[in-house]
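Below: protein_13.pdb (PDB, C-alpha atoms, pLDDT in the B column)
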ATOM      1  CA  LEU A   1      89.565 118.772 113.168  1.00 80.00           C
ATOM      2  CA  ALA A   2      89.380 119.671 116.807  1.00 84.00           C
ATOM      3  CA  ALA A   3      86.065 119.210 118.606  1.00 87.00           C
ATOM      4  CA  PRO A   4      84.157 122.503 118.625  1.00 89.00           C
ATOM      5  CA  ASP A   5      83.369 122.504 122.363  1.00 89.00           C
ATOM      6  CA  SER A   6      86.932 123.179 123.616  1.00 88.00           C
ATOM      7  CA  GLU A   7      90.296 124.369 122.367  1.00 91.00           C
ATOM      8  CA  PRO A   8      93.154 121.861 121.999  1.00 94.00           C
ATOM      9  CA  SER A   9      95.778 122.176 124.731  1.00 94.00           C
ATOM     10  CA  SER A  10      98.511 121.170 122.279  1.00 95.00           C
ATOM     11  CA  VAL A  11      98.795 120.938 118.485  1.00 96.00           C
ATOM     12  CA  ILE A  12     101.898 119.769 116.600  1.00 97.00           C
ATOM     13  CA  ARG A  13     102.085 119.978 112.810  1.00 96.00           C
ATOM     14  CA  ASP A  14     104.654 118.632 110.348  1.00 94.00           C
ATOM     15  CA  ASP A  15     106.664 120.751 107.883  1.00 94.00           C
ATOM     16  CA  ALA A  16     103.724 120.739 105.439  1.00 93.00           C
ATOM     17  CA  GLY A  17     101.345 122.007 108.138  1.00 94.00           C
ATOM     18  CA  LEU A  18      99.523 118.692 108.536  1.00 95.00           C
ATOM     19  CA  LEU A  19      98.480 117.505 111.979  1.00 95.00           C
ATOM     20  CA  LYS A  20     100.960 115.160 113.697  1.00 97.00           C
ATOM     21  CA  ASP A  21      99.732 115.276 117.299  1.00 97.00           C
ATOM     22  CA  MET A  22      96.934 116.968 119.241  1.00 97.00           C
ATOM     23  CA  GLN A  23      95.706 116.947 122.824  1.00 97.00           C
ATOM     24  CA  GLN A  24      92.154 117.974 123.671  1.00 96.00           C
ATOM     25  CA  SER A  25      89.722 117.192 126.492  1.00 94.00           C
ATOM     26  CA  GLY A  26      92.013 114.503 127.908  1.00 95.00           C
ATOM     27  CA  TRP A  27      92.528 112.797 124.528  1.00 96.00           C
ATOM     28  CA  ARG A  28      95.799 112.546 122.664  1.00 97.00           C
ATOM     29  CA  ILE A  29      95.453 111.947 118.917  1.00 97.00           C
ATOM     30  CA  SER A  30      98.530 111.180 116.826  1.00 98.00           C
ATOM     31  CA  VAL A  31      98.826 110.680 113.073  1.00 98.00           C
ATOM     32  CA  LEU A  32     101.677 108.180 112.721  1.00 97.00           C
ATOM     33  CA  LYS A  33     101.576 107.663 108.935  1.00 97.00           C
ATOM     34  CA  ARG A  34      99.832 109.157 105.884  1.00 96.00           C
ATOM     35  CA  LEU A  35      98.777 107.896 102.446  1.00 95.00           C
ATOM     36  CA  HIS A  36      98.860 110.117  99.366  1.00 92.00           C
ATOM     37  CA  VAL A  37      95.499 109.651  97.594  1.00 90.00           C
ATOM     38  CA  ASP A  38      94.305 111.737  94.623  1.00 88.00           C
ATOM     39  CA  GLY A  39      96.384 114.738  95.688  1.00 90.00           C
ATOM     40  CA  PHE A  40      95.495 114.487  99.386  1.00 91.00           C
ATOM     41  CA  ASP A  41      97.709 113.313 102.273  1.00 94.00           C
ATOM     42  CA  LEU A  42      95.256 111.291 104.370  1.00 94.00           C
ATOM     43  CA  PRO A  43      95.826 109.523 107.699  1.00 96.00           C
ATOM     44  CA  ALA A  44      96.915 105.885 107.391  1.00 97.00           C
ATOM     45  CA  LYS A  45      97.881 105.103 110.999  1.00 98.00           C
ATOM     46  CA  LEU A  46      96.233 106.837 113.945  1.00 98.00           C
ATOM     47  CA  TYR A  47      96.783 106.503 117.672  1.00 98.00           C
ATOM     48  CA  PHE A  48      94.196 107.602 120.259  1.00 97.00           C
ATOM     49  CA  HIS A  49      94.947 107.686 123.974  1.00 98.00           C
ATOM     50  CA  TYR A  50      92.579 108.615 126.809  1.00 97.00           C
ATOM     51  CA  GLN A  51      93.409 107.629 130.391  1.00 97.00           C
ATOM     52  CA  ASP A  52      93.735 103.787 130.294  1.00 97.00           C
ATOM     53  CA  LEU A  53      92.219 103.487 126.807  1.00 98.00           C
ATOM     54  CA  LYS A  54      94.637 103.101 123.876  1.00 98.00           C
ATOM     55  CA  VAL A  55      93.403 102.619 120.304  1.00 98.00           C
ATOM     56  CA  ARG A  56      95.433 102.211 117.120  1.00 98.00           C
ATOM     57  CA  ILE A  57      93.770 102.375 113.730  1.00 97.00           C
ATOM     58  CA  ALA A  58      95.391 101.341 110.453  1.00 98.00           C
ATOM     59  CA  ILE A  59      93.782 102.410 107.178  1.00 96.00           C
ATOM     60  CA  SER A  60      94.986 100.508 104.115  1.00 93.00           C
ATOM     61  CA  ALA A  61      92.921 102.329 101.469  1.00 91.00           C
ATOM     62  CA  TRP A  62      90.753 105.420 101.061  1.00 90.00           C
ATOM     63  CA  SER A  63      87.900 105.803  98.580  1.00 85.00           C
ATOM     64  CA  LEU A  64      87.164 109.404  97.647  1.00 76.00           C
ATOM     65  CA  ASN A  65      84.368 108.391  95.247  1.00 76.00           C
ATOM     66  CA  ALA A  66      81.719 108.560  97.998  1.00 62.00           C
ATOM     67  CA  LEU A  67      82.532 112.193  98.782  1.00 55.00           C
TER
END
Rewrite the structure of this file - the entire thing - as structure tokens.
Amino acid sequence: LAAPDSEPSSVIRDDAGLLKDMQQSGWRISVLKRLHVDGFDLPAKLYFHYQDLKVRIAISAWSLNAL
């Protein structure tokens, strides 16, 4: 979800309508890969970029039991 304090300057979705790429408040957030878990397509690889900061996150498993 986008942060509530400002509108994204760019949003790109895939054919299923899921977020692929978004730019907001100087940040670029990209979903590079998804995992299908219990009927949900959840992010598996994320890329965050803000000025000189670059962060990649890889998620190997999701647990929906805590929700």
For the file shown, what are the residues hit by the PyMOL selection byres ((chain A and resi 63) around 12), laid out as a JSON list (two decimals) with C-alpha atoms, in the coordinates of the input?
[["chain", "number", "residue", "atom", "x", "y", "z"],
["A", 35, "LEU", "CA", 98.78, 107.90, 102.45],
["A", 36, "HIS", "CA", 98.86, 110.12, 99.37],
["A", 37, "VAL", "CA", 95.50, 109.65, 97.59],
["A", 38, "ASP", "CA", 94.30, 111.74, 94.62],
["A", 40, "PHE", "CA", 95.50, 114.49, 99.39],
["A", 42, "LEU", "CA", 95.26, 111.29, 104.37],
["A", 59, "ILE", "CA", 93.78, 102.41, 107.18],
["A", 60, "SER", "CA", 94.99, 100.51, 104.12],
["A", 61, "ALA", "CA", 92.92, 102.33, 101.47],
["A", 62, "TRP", "CA", 90.75, 105.42, 101.06],
["A", 64, "LEU", "CA", 87.16, 109.40, 97.65],
["A", 65, "ASN", "CA", 84.37, 108.39, 95.25],
["A", 66, "ALA", "CA", 81.72, 108.56, 98.00],
["A", 67, "LEU", "CA", 82.53, 112.19, 98.78]]
>> Evaluate the PyMOL selection byres ((chain A and resi 47) around 12) against this structure - the residues, as a PyMOL selection string, please.
In response: chain A and resi 20-23+27-33+43-46+48-50+53-59
Exercise for the section: Determine, counting all atoms listed in the file, which protein, DNA and RNA residues have an atom within 9 Å of an atom of Glu7 (chain A); residues of the same chain fewer than 4 positions away are not included. Present the result as a ChimeraX atom specification. Expected result: /A:2-3,24-25
